[in-house]
Amino acid sequence: MHDPIDIKPIETATPAQIAHIFVQSWKQGYRGLVSDTYLDNLEEEELVQKWESWLEIVQPGYVAFIEGKPAGFISCGPIRTRPPGDKGIVPLYAWEIYALYVHPDYWRRGIGKALIQRIAEDLKEKRARSLVLWVIKKNSRALPLYESLGGQRIGKVKKEVGGMMVEESAIGWRDTDVILESLK
């Protein structure tokens with residue numbers, strides 16, 4: 001039995017706490033998927049200022065707390081990176097998850113699901129339900145989670161991450177009610 005997950009607005013965490021979750025998640029979760037040198041050189045202190053500015057613009061965003069400690073976070077906003085083929089004036093997917101990271105000490109406790117559920121609830125309240133996120137195609141930890149929540153692979157791109165070319169998959173939900181239904 002795991003401790004309860006407490007989801008709060010992202011501004012309840014400090015930029016340093018967000019940077020810590022981000023760096024630790026990358027260093028363990030992306031080992032073997034991107035350059036080890038890039039991961040070894042990630043520094044929390046260098047990312048604090050970035051997160052200070054980001055936390056002012058991401059909405060909605062949430063932090064998951066376990067026993068009062070920040071364990072993971074999610075940030076979302078209007079779509080920035082449209083999937084290939086989504087070329088119309090009005091995008092097929094209106095919202096994008098920009099970041100979803102869970103500290104490795106808290107993996108496999110349902111935090112990712114809880115954070116995605118909160119975003120889906122938020123979007124439902126806004127009557128804006130289509131959602132997309134980008135994930136490294138070989139990320140065998142994240143892809144099954146998104147697919148278990150009804151996400152569909154809707155496109156892919158190659159992109160440089162830390163000096164290495166990786167393939168990213170777009171995971172999309174035309175209606176985030178699918179997420180909420182999958183969690184019942």
# chains A, B, ... in the order shown; residues from 1 in each chain; ligands from 1
$ residues_around --residues "A:Asp177" --least-positions-apart "4" --cutoff "12 Å" --atoms "only C-alpha atoms" --output "PyMOL selection string"
chain A and resi 116-125+127-131+149-151+173+181-184
$ write_last_selection --atoms "N, CA, C and O atoms" --output "mmCIF file, in the first residue's frame"
data_model
loop_
_atom_site.group_PDB
_atom_site.id
_atom_site.type_symbol
_atom_site.label_atom_id
_atom_site.label_comp_id
_atom_site.auth_asym_id
_atom_site.auth_seq_id
_atom_site.Cartn_x
_atom_site.Cartn_y
_atom_site.Cartn_z
ATOM 1 N N ILE A 116 -2.004 13.038 -14.908
ATOM 2 C CA ILE A 116 -2.715 13.105 -16.185
ATOM 3 C C ILE A 116 -4.222 13.203 -15.937
ATOM 4 O O ILE A 116 -4.930 13.945 -16.623
ATOM 5 N N GLN A 117 -4.718 12.472 -14.958
ATOM 6 C CA GLN A 117 -6.144 12.548 -14.623
ATOM 7 C C GLN A 117 -6.532 13.971 -14.247
ATOM 8 O O GLN A 117 -7.555 14.486 -14.694
ATOM 9 N N ARG A 118 -5.693 14.622 -13.444
ATOM 10 C CA ARG A 118 -6.014 16.002 -13.024
ATOM 11 C C ARG A 118 -6.055 16.945 -14.218
ATOM 12 O O ARG A 118 -6.929 17.813 -14.321
ATOM 13 N N ILE A 119 -5.128 16.791 -15.168
ATOM 14 C CA ILE A 119 -5.134 17.613 -16.379
ATOM 15 C C ILE A 119 -6.398 17.337 -17.191
ATOM 16 O O ILE A 119 -7.052 18.260 -17.684
ATOM 17 N N ALA A 120 -6.769 16.058 -17.331
ATOM 18 C CA ALA A 120 -7.981 15.705 -18.086
ATOM 19 C C ALA A 120 -9.221 16.329 -17.446
ATOM 20 O O ALA A 120 -10.105 16.834 -18.148
ATOM 21 N N GLU A 121 -9.280 16.320 -16.119
ATOM 22 C CA GLU A 121 -10.405 16.953 -15.418
ATOM 23 C C GLU A 121 -10.424 18.454 -15.666
ATOM 24 O O GLU A 121 -11.484 19.046 -15.901
ATOM 25 N N ASP A 122 -9.247 19.058 -15.614
ATOM 26 C CA ASP A 122 -9.115 20.497 -15.871
ATOM 27 C C ASP A 122 -9.615 20.853 -17.273
ATOM 28 O O ASP A 122 -10.364 21.812 -17.444
ATOM 29 N N LEU A 123 -9.165 20.087 -18.259
ATOM 30 C CA LEU A 123 -9.558 20.374 -19.630
ATOM 31 C C LEU A 123 -11.056 20.159 -19.825
ATOM 32 O O LEU A 123 -11.705 20.914 -20.551
ATOM 33 N N LYS A 124 -11.616 19.170 -19.163
ATOM 34 C CA LYS A 124 -13.064 18.929 -19.260
ATOM 35 C C LYS A 124 -13.827 20.141 -18.730
ATOM 36 O O LYS A 124 -14.805 20.582 -19.341
ATOM 37 N N GLU A 125 -13.361 20.689 -17.612
ATOM 38 C CA GLU A 125 -14.002 21.891 -17.059
ATOM 39 C C GLU A 125 -13.931 23.063 -18.036
ATOM 40 O O GLU A 125 -14.833 23.885 -18.092
ATOM 41 N N ARG A 127 -13.966 22.747 -21.220
ATOM 42 C CA ARG A 127 -14.584 22.293 -22.479
ATOM 43 C C ARG A 127 -13.556 22.240 -23.614
ATOM 44 O O ARG A 127 -13.861 22.524 -24.760
ATOM 45 N N ALA A 128 -12.342 21.917 -23.253
ATOM 46 C CA ALA A 128 -11.245 21.784 -24.219
ATOM 47 C C ALA A 128 -10.616 20.430 -23.969
ATOM 48 O O ALA A 128 -9.850 20.278 -23.035
ATOM 49 N N ARG A 129 -10.957 19.447 -24.766
ATOM 50 C CA ARG A 129 -10.615 18.077 -24.407
ATOM 51 C C ARG A 129 -9.508 17.428 -25.207
ATOM 52 O O ARG A 129 -9.002 16.391 -24.813
ATOM 53 N N SER A 130 -9.128 17.952 -26.358
ATOM 54 C CA SER A 130 -8.103 17.266 -27.148
ATOM 55 C C SER A 130 -6.718 17.580 -26.590
ATOM 56 O O SER A 130 -6.437 18.698 -26.180
ATOM 57 N N LEU A 131 -5.871 16.559 -26.571
ATOM 58 C CA LEU A 131 -4.597 16.668 -25.869
ATOM 59 C C LEU A 131 -3.546 15.837 -26.596
ATOM 60 O O LEU A 131 -3.847 14.766 -27.134
ATOM 61 N N LEU A 149 -4.098 4.631 -20.847
ATOM 62 C CA LEU A 149 -5.055 5.720 -20.630
ATOM 63 C C LEU A 149 -5.788 6.098 -21.922
ATOM 64 O O LEU A 149 -6.447 7.126 -21.985
ATOM 65 N N GLY A 150 -5.635 5.265 -22.958
ATOM 66 C CA GLY A 150 -6.355 5.492 -24.205
ATOM 67 C C GLY A 150 -5.633 6.354 -25.215
ATOM 68 O O GLY A 150 -6.201 6.707 -26.253
ATOM 69 N N GLY A 151 -4.387 6.723 -24.946
ATOM 70 C CA GLY A 151 -3.623 7.519 -25.896
ATOM 71 C C GLY A 151 -3.285 6.725 -27.140
ATOM 72 O O GLY A 151 -3.017 5.530 -27.065
ATOM 73 N N TRP A 173 -5.014 12.269 -27.643
ATOM 74 C CA TRP A 173 -6.372 11.961 -27.204
ATOM 75 C C TRP A 173 -7.278 12.983 -27.867
ATOM 76 O O TRP A 173 -7.161 14.182 -27.581
ATOM 77 N N GLU A 181 -12.407 7.763 -18.352
ATOM 78 C CA GLU A 181 -13.115 6.473 -18.416
ATOM 79 C C GLU A 181 -12.169 5.323 -18.102
ATOM 80 O O GLU A 181 -12.558 4.367 -17.435
ATOM 81 N N SER A 182 -10.926 5.407 -18.566
ATOM 82 C CA SER A 182 -9.970 4.315 -18.349
ATOM 83 C C SER A 182 -9.571 4.192 -16.876
ATOM 84 O O SER A 182 -9.059 3.152 -16.461
ATOM 85 N N LEU A 183 -9.791 5.237 -16.100
ATOM 86 C CA LEU A 183 -9.398 5.231 -14.687
ATOM 87 C C LEU A 183 -10.521 4.792 -13.752
ATOM 88 O O LEU A 183 -10.319 4.691 -12.548
ATOM 89 N N LYS A 184 -11.701 4.532 -14.310
ATOM 90 C CA LYS A 184 -12.842 4.115 -13.448
ATOM 91 C C LYS A 184 -12.722 2.672 -13.036
ATOM 92 O O LYS A 184 -12.164 1.850 -13.678
#
$ residues_around --residues "A:Arg153" --least-positions-apart "5" --cutoff "9 Å" --atoms "only C-alpha atoms" --output "number ranges by chain"
A: 147, 169-172
$ residues_around --residues "A:Gln17" --least-positions-apart "3" --cutoff "12 Å" --atoms "only C-alpha atoms" --output "list of chain:residue names"
A:Ile10, A:Glu11, A:Thr12, A:Ala13, A:Thr14, A:His20, A:Ile21, A:Phe22, A:Val23, A:Gln24, A:Glu44, A:Glu45, A:Leu47, A:Val48, A:Gln49, A:Trp51, A:Glu52, A:Leu55, A:Val63, A:Ala64, A:Phe65, A:Lys69, A:Pro70, A:Ala71, A:Gly72, A:Phe73, A:Tyr101, A:Val102, A:His103
$ write_last_selection --atoms "N, CA, C and O atoms" --output "mmCIF file, in the first residue's frame"
data_model
loop_
_atom_site.group_PDB
_atom_site.id
_atom_site.type_symbol
_atom_site.label_atom_id
_atom_site.label_comp_id
_atom_site.auth_asym_id
_atom_site.auth_seq_id
_atom_site.Cartn_x
_atom_site.Cartn_y
_atom_site.Cartn_z
ATOM 1 N N ILE A 10 0.887 23.820 -9.414
ATOM 2 C CA ILE A 10 2.340 23.755 -9.600
ATOM 3 C C ILE A 10 3.082 24.841 -8.814
ATOM 4 O O ILE A 10 4.204 24.630 -8.380
ATOM 5 N N GLU A 11 2.459 25.968 -8.597
ATOM 6 C CA GLU A 11 3.155 27.042 -7.874
ATOM 7 C C GLU A 11 3.351 26.737 -6.389
ATOM 8 O O GLU A 11 4.030 27.477 -5.688
ATOM 9 N N THR A 12 2.803 25.611 -5.901
ATOM 10 C CA THR A 12 3.045 25.228 -4.508
ATOM 11 C C THR A 12 4.415 24.583 -4.330
ATOM 12 O O THR A 12 4.842 24.357 -3.198
ATOM 13 N N ALA A 13 5.095 24.294 -5.434
ATOM 14 C CA ALA A 13 6.464 23.786 -5.374
ATOM 15 C C ALA A 13 7.412 24.899 -5.790
ATOM 16 O O ALA A 13 7.033 25.806 -6.535
ATOM 17 N N THR A 14 8.628 24.836 -5.316
ATOM 18 C CA THR A 14 9.621 25.843 -5.705
ATOM 19 C C THR A 14 10.270 25.437 -7.027
ATOM 20 O O THR A 14 10.290 24.250 -7.378
ATOM 21 N N HIS A 20 14.824 19.653 -9.430
ATOM 22 C CA HIS A 20 15.324 18.402 -8.838
ATOM 23 C C HIS A 20 14.583 17.200 -9.427
ATOM 24 O O HIS A 20 15.213 16.217 -9.853
ATOM 25 N N ILE A 21 13.260 17.259 -9.460
ATOM 26 C CA ILE A 21 12.474 16.154 -10.028
ATOM 27 C C ILE A 21 12.852 15.942 -11.490
ATOM 28 O O ILE A 21 13.079 14.817 -11.928
ATOM 29 N N PHE A 22 12.933 17.030 -12.245
ATOM 30 C CA PHE A 22 13.252 16.971 -13.670
ATOM 31 C C PHE A 22 14.603 16.288 -13.908
ATOM 32 O O PHE A 22 14.702 15.336 -14.682
ATOM 33 N N VAL A 23 15.643 16.768 -13.233
ATOM 34 C CA VAL A 23 16.996 16.243 -13.454
ATOM 35 C C VAL A 23 17.091 14.779 -13.030
ATOM 36 O O VAL A 23 17.637 13.945 -13.762
ATOM 37 N N GLN A 24 16.561 14.437 -11.868
ATOM 38 C CA GLN A 24 16.656 13.054 -11.402
ATOM 39 C C GLN A 24 15.868 12.113 -12.317
ATOM 40 O O GLN A 24 16.307 10.998 -12.611
ATOM 41 N N GLU A 44 20.977 20.646 -11.640
ATOM 42 C CA GLU A 44 19.755 21.247 -11.109
ATOM 43 C C GLU A 44 19.871 22.762 -10.988
ATOM 44 O O GLU A 44 18.950 23.497 -11.355
ATOM 45 N N GLU A 45 21.012 23.243 -10.499
ATOM 46 C CA GLU A 45 21.186 24.678 -10.261
ATOM 47 C C GLU A 45 21.019 25.476 -11.560
ATOM 48 O O GLU A 45 20.481 26.572 -11.551
ATOM 49 N N LEU A 47 19.087 24.790 -13.987
ATOM 50 C CA LEU A 47 17.709 24.746 -14.463
ATOM 51 C C LEU A 47 16.726 25.511 -13.587
ATOM 52 O O LEU A 47 15.587 25.722 -13.988
ATOM 53 N N VAL A 48 17.147 25.931 -12.410
ATOM 54 C CA VAL A 48 16.237 26.630 -11.502
ATOM 55 C C VAL A 48 15.680 27.893 -12.155
ATOM 56 O O VAL A 48 14.474 28.141 -12.129
ATOM 57 N N GLN A 49 16.542 28.698 -12.780
ATOM 58 C CA GLN A 49 16.071 29.939 -13.411
ATOM 59 C C GLN A 49 15.095 29.638 -14.549
ATOM 60 O O GLN A 49 14.080 30.315 -14.704
ATOM 61 N N TRP A 51 13.064 27.124 -14.741
ATOM 62 C CA TRP A 51 11.779 26.749 -14.159
ATOM 63 C C TRP A 51 11.092 27.933 -13.504
ATOM 64 O O TRP A 51 9.860 27.999 -13.473
ATOM 65 N N GLU A 52 11.847 28.901 -12.992
ATOM 66 C CA GLU A 52 11.214 30.119 -12.452
ATOM 67 C C GLU A 52 10.382 30.798 -13.529
ATOM 68 O O GLU A 52 9.241 31.188 -13.285
ATOM 69 N N LEU A 55 7.323 28.417 -14.726
ATOM 70 C CA LEU A 55 6.214 28.283 -13.785
ATOM 71 C C LEU A 55 5.263 29.470 -13.858
ATOM 72 O O LEU A 55 4.111 29.362 -13.453
ATOM 73 N N VAL A 63 1.595 19.623 -9.129
ATOM 74 C CA VAL A 63 2.644 18.866 -8.460
ATOM 75 C C VAL A 63 1.968 17.792 -7.613
ATOM 76 O O VAL A 63 0.959 18.060 -6.957
ATOM 77 N N ALA A 64 2.536 16.605 -7.638
ATOM 78 C CA ALA A 64 2.070 15.518 -6.779
ATOM 79 C C ALA A 64 2.978 15.467 -5.559
ATOM 80 O O ALA A 64 4.205 15.440 -5.696
ATOM 81 N N PHE A 65 2.361 15.476 -4.391
ATOM 82 C CA PHE A 65 3.101 15.381 -3.132
ATOM 83 C C PHE A 65 2.813 14.028 -2.485
ATOM 84 O O PHE A 65 1.676 13.555 -2.492
ATOM 85 N N LYS A 69 6.202 15.777 0.388
ATOM 86 C CA LYS A 69 7.372 15.979 -0.476
ATOM 87 C C LYS A 69 6.940 15.965 -1.936
ATOM 88 O O LYS A 69 6.191 15.082 -2.350
ATOM 89 N N PRO A 70 7.446 16.925 -2.747
ATOM 90 C CA PRO A 70 7.116 16.905 -4.165
ATOM 91 C C PRO A 70 7.716 15.667 -4.831
ATOM 92 O O PRO A 70 8.905 15.393 -4.699
ATOM 93 N N ALA A 71 6.851 14.901 -5.510
ATOM 94 C CA ALA A 71 7.276 13.635 -6.100
ATOM 95 C C ALA A 71 7.188 13.623 -7.619
ATOM 96 O O ALA A 71 7.836 12.807 -8.270
ATOM 97 N N GLY A 72 6.400 14.519 -8.191
ATOM 98 C CA GLY A 72 6.248 14.567 -9.639
ATOM 99 C C GLY A 72 5.495 15.819 -10.022
ATOM 100 O O GLY A 72 4.890 16.471 -9.177
ATOM 101 N N PHE A 73 5.554 16.150 -11.314
ATOM 102 C CA PHE A 73 4.821 17.334 -11.783
ATOM 103 C C PHE A 73 4.409 17.171 -13.230
ATOM 104 O O PHE A 73 4.951 16.338 -13.965
ATOM 105 N N TYR A 101 6.956 14.538 -15.283
ATOM 106 C CA TYR A 101 8.114 13.855 -14.704
ATOM 107 C C TYR A 101 7.804 13.447 -13.276
ATOM 108 O O TYR A 101 7.175 14.187 -12.521
ATOM 109 N N VAL A 102 8.272 12.258 -12.925
ATOM 110 C CA VAL A 102 8.133 11.732 -11.572
ATOM 111 C C VAL A 102 9.532 11.372 -11.088
ATOM 112 O O VAL A 102 10.315 10.751 -11.812
ATOM 113 N N HIS A 103 9.852 11.786 -9.870
ATOM 114 C CA HIS A 103 11.152 11.453 -9.279
ATOM 115 C C HIS A 103 11.282 9.928 -9.211
ATOM 116 O O HIS A 103 10.325 9.236 -8.818
#
$ residues_around --residues "A:Ile136" --least-positions-apart "3" --cutoff "10 Å" --atoms "only C-alpha atoms" --output "list in words"
Tyr30, Leu33, Val34, Asn139, Ser140, Ala142, Leu143, Lys156, Val157, Lys158, Lys159, Val161, Val166, Glu167, Glu168, Ser169 and Ala170 of chain A
$ residues_around --residues "A:Gln59" --least-positions-apart "3" --cutoff "9 Å" --atoms "only C-alpha atoms" --output "MDAnalysis selection string"
chainID A and resid 10 55:56 62 75:78
$ write_last_selection --atoms "C-alpha atoms" --output "JSON list (two decimals), in the first residue's frame"
[["chain", "number", "residue", "atom", "x", "y", "z"],
["A", 10, "ILE", "CA", 2.34, 23.76, -9.60],
["A", 55, "LEU", "CA", 6.21, 28.28, -13.78],
["A", 56, "GLU", "CA", 4.86, 31.74, -14.55],
["A", 62, "TYR", "CA", 0.27, 20.47, -10.94],
["A", 75, "SER", "CA", 2.60, 21.16, -17.05],
["A", 76, "CYS", "CA", 0.20, 21.80, -19.86],
["A", 77, "GLY", "CA", -0.87, 24.59, -22.17],
["A", 78, "PRO", "CA", -2.02, 25.42, -25.68]]
$ select_by_dssp --residues "chain A" --states "helix (DSSP H, G or I)" --output "count of residues only"
68
$ select_by_dssp --residues "stretch 12-94 of chain A" --states "strand (DSSP E or B)" --output "MDAnalysis selection string"
chainID A and resid 31 34 61:66 69:78
$ write_last_selection --atoms "all heavy atoms" --output "tab-separated table (two decimals), in the first residue's frame"
chain	number	residue	atom	x	y	z
A	31	ARG	N	18.47	7.21	-19.40
A	31	ARG	CA	19.76	6.52	-19.58
A	31	ARG	C	19.59	5.46	-20.65
A	31	ARG	O	18.67	4.67	-20.61
A	31	ARG	CB	20.18	5.90	-18.25
A	31	ARG	CG	21.57	5.38	-18.17
A	31	ARG	CD	22.66	6.39	-18.10
A	31	ARG	NE	22.57	7.35	-17.00
A	31	ARG	CZ	23.38	8.39	-16.91
A	31	ARG	NH1	24.32	8.60	-17.81
A	31	ARG	NH2	23.26	9.25	-15.93
A	34	VAL	N	19.18	8.69	-24.51
A	34	VAL	CA	19.91	9.87	-24.99
A	34	VAL	C	21.35	9.75	-24.50
A	34	VAL	O	21.68	8.85	-23.73
A	34	VAL	CB	19.26	11.20	-24.52
A	34	VAL	CG1	17.83	11.32	-25.01
A	34	VAL	CG2	19.31	11.37	-23.02
A	61	GLY	N	-0.90	23.48	-14.41
A	61	GLY	CA	0.25	22.69	-13.98
A	61	GLY	C	0.03	22.23	-12.56
A	61	GLY	O	-0.60	22.93	-11.76
A	62	TYR	N	0.51	21.04	-12.26
A	62	TYR	CA	0.27	20.47	-10.94
A	62	TYR	C	1.51	19.73	-10.44
A	62	TYR	O	2.32	19.26	-11.23
A	62	TYR	CB	-0.91	19.48	-10.98
A	62	TYR	CG	-2.20	20.18	-11.30
A	62	TYR	CD1	-2.67	20.23	-12.61
A	62	TYR	CD2	-2.90	20.85	-10.31
A	62	TYR	CE1	-3.83	20.91	-12.92
A	62	TYR	CE2	-4.07	21.53	-10.62
A	62	TYR	CZ	-4.52	21.56	-11.92
A	62	TYR	OH	-5.66	22.25	-12.22
A	63	VAL	N	1.60	19.62	-9.13
A	63	VAL	CA	2.64	18.87	-8.46
A	63	VAL	C	1.97	17.79	-7.61
A	63	VAL	O	0.96	18.06	-6.96
A	63	VAL	CB	3.52	19.77	-7.56
A	63	VAL	CG1	4.55	18.95	-6.81
A	63	VAL	CG2	4.20	20.84	-8.37
A	64	ALA	N	2.54	16.60	-7.64
A	64	ALA	CA	2.07	15.52	-6.78
A	64	ALA	C	2.98	15.47	-5.56
A	64	ALA	O	4.20	15.44	-5.70
A	64	ALA	CB	2.12	14.19	-7.53
A	65	PHE	N	2.36	15.48	-4.39
A	65	PHE	CA	3.10	15.38	-3.13
A	65	PHE	C	2.81	14.03	-2.49
A	65	PHE	O	1.68	13.55	-2.49
A	65	PHE	CB	2.68	16.49	-2.17
A	65	PHE	CG	3.14	17.86	-2.57
A	65	PHE	CD1	2.39	18.63	-3.45
A	65	PHE	CD2	4.32	18.38	-2.07
A	65	PHE	CE1	2.81	19.90	-3.81
A	65	PHE	CE2	4.75	19.65	-2.43
A	65	PHE	CZ	4.00	20.41	-3.31
A	66	ILE	N	3.86	13.44	-1.93
A	66	ILE	CA	3.75	12.22	-1.13
A	66	ILE	C	4.34	12.57	0.24
A	66	ILE	O	5.49	12.99	0.32
A	66	ILE	CB	4.53	11.04	-1.74
A	66	ILE	CG1	4.07	10.72	-3.16
A	66	ILE	CG2	4.49	9.82	-0.83
A	66	ILE	CD1	2.79	9.95	-3.28
A	69	LYS	N	6.20	15.78	0.39
A	69	LYS	CA	7.37	15.98	-0.48
A	69	LYS	C	6.94	15.96	-1.94
A	69	LYS	O	6.19	15.08	-2.35
A	69	LYS	CB	8.40	14.86	-0.25
A	69	LYS	CG	8.99	14.87	1.13
A	69	LYS	CD	9.97	13.71	1.28
A	69	LYS	CE	10.48	13.65	2.71
A	69	LYS	NZ	11.19	12.42	2.98
A	70	PRO	N	7.45	16.93	-2.75
A	70	PRO	CA	7.12	16.91	-4.17
A	70	PRO	C	7.72	15.67	-4.83
A	70	PRO	O	8.91	15.39	-4.70
A	70	PRO	CB	7.75	18.18	-4.73
A	70	PRO	CG	8.39	18.87	-3.59
A	70	PRO	CD	8.31	18.02	-2.38
A	71	ALA	N	6.85	14.90	-5.51
A	71	ALA	CA	7.28	13.64	-6.10
A	71	ALA	C	7.19	13.62	-7.62
A	71	ALA	O	7.84	12.81	-8.27
A	71	ALA	CB	6.43	12.50	-5.53
A	72	GLY	N	6.40	14.52	-8.19
A	72	GLY	CA	6.25	14.57	-9.64
A	72	GLY	C	5.49	15.82	-10.02
A	72	GLY	O	4.89	16.47	-9.18
A	73	PHE	N	5.55	16.15	-11.31
A	73	PHE	CA	4.82	17.33	-11.78
A	73	PHE	C	4.41	17.17	-13.23
A	73	PHE	O	4.95	16.34	-13.96
A	73	PHE	CB	5.65	18.61	-11.59
A	73	PHE	CG	6.81	18.75	-12.54
A	73	PHE	CD1	6.69	19.46	-13.73
A	73	PHE	CD2	8.04	18.18	-12.24
A	73	PHE	CE1	7.76	19.58	-14.60
A	73	PHE	CE2	9.12	18.30	-13.10
A	73	PHE	CZ	8.98	19.01	-14.30
A	74	ILE	N	3.42	17.98	-13.60
A	74	ILE	CA	2.93	18.02	-14.97
A	74	ILE	C	2.66	19.46	-15.33
A	74	ILE	O	2.23	20.24	-14.48
A	74	ILE	CB	1.65	17.15	-15.12
A	74	ILE	CG1	1.29	16.94	-16.59
A	74	ILE	CG2	0.48	17.75	-14.34
A	74	ILE	CD1	0.22	15.86	-16.79
A	75	SER	N	2.96	19.83	-16.57
A	75	SER	CA	2.60	21.16	-17.05
A	75	SER	C	1.96	21.02	-18.41
A	75	SER	O	2.28	20.12	-19.18
A	75	SER	CB	3.83	22.08	-17.11
A	75	SER	OG	4.74	21.63	-18.08
A	76	CYS	N	1.03	21.90	-18.67
A	76	CYS	CA	0.20	21.80	-19.86
A	76	CYS	C	-0.11	23.20	-20.36
A	76	CYS	O	-0.02	24.17	-19.61
A	76	CYS	CB	-1.09	21.07	-19.48
A	76	CYS	SG	-2.22	20.71	-20.82
A	77	GLY	N	-0.47	23.31	-21.61
A	77	GLY	CA	-0.87	24.59	-22.17
A	77	GLY	C	-1.34	24.41	-23.60
A	77	GLY	O	-1.43	23.28	-24.09
A	78	PRO	N	-1.61	25.51	-24.27
A	78	PRO	CA	-2.02	25.42	-25.68
A	78	PRO	C	-0.94	24.72	-26.50
A	78	PRO	O	0.25	24.83	-26.21
A	78	PRO	CB	-2.16	26.89	-26.10
A	78	PRO	CG	-2.38	27.62	-24.82
A	78	PRO	CD	-1.61	26.87	-23.77
$ atom_distance --atom1 "atom CA of A:Leu145" --atom2 "atom CA of A:Tyr38"
25.7 Å
$ closest_residue --among "A:Ser148, A:Trp26, A:Leu115, A:Leu39" --to "A:Gly162" --atoms "only C-alpha atoms"
A:Leu39
$ atom_distance --atom1 "atom CA of A:Leu92" --atom2 "atom CA of A:Leu133"
13.1 Å
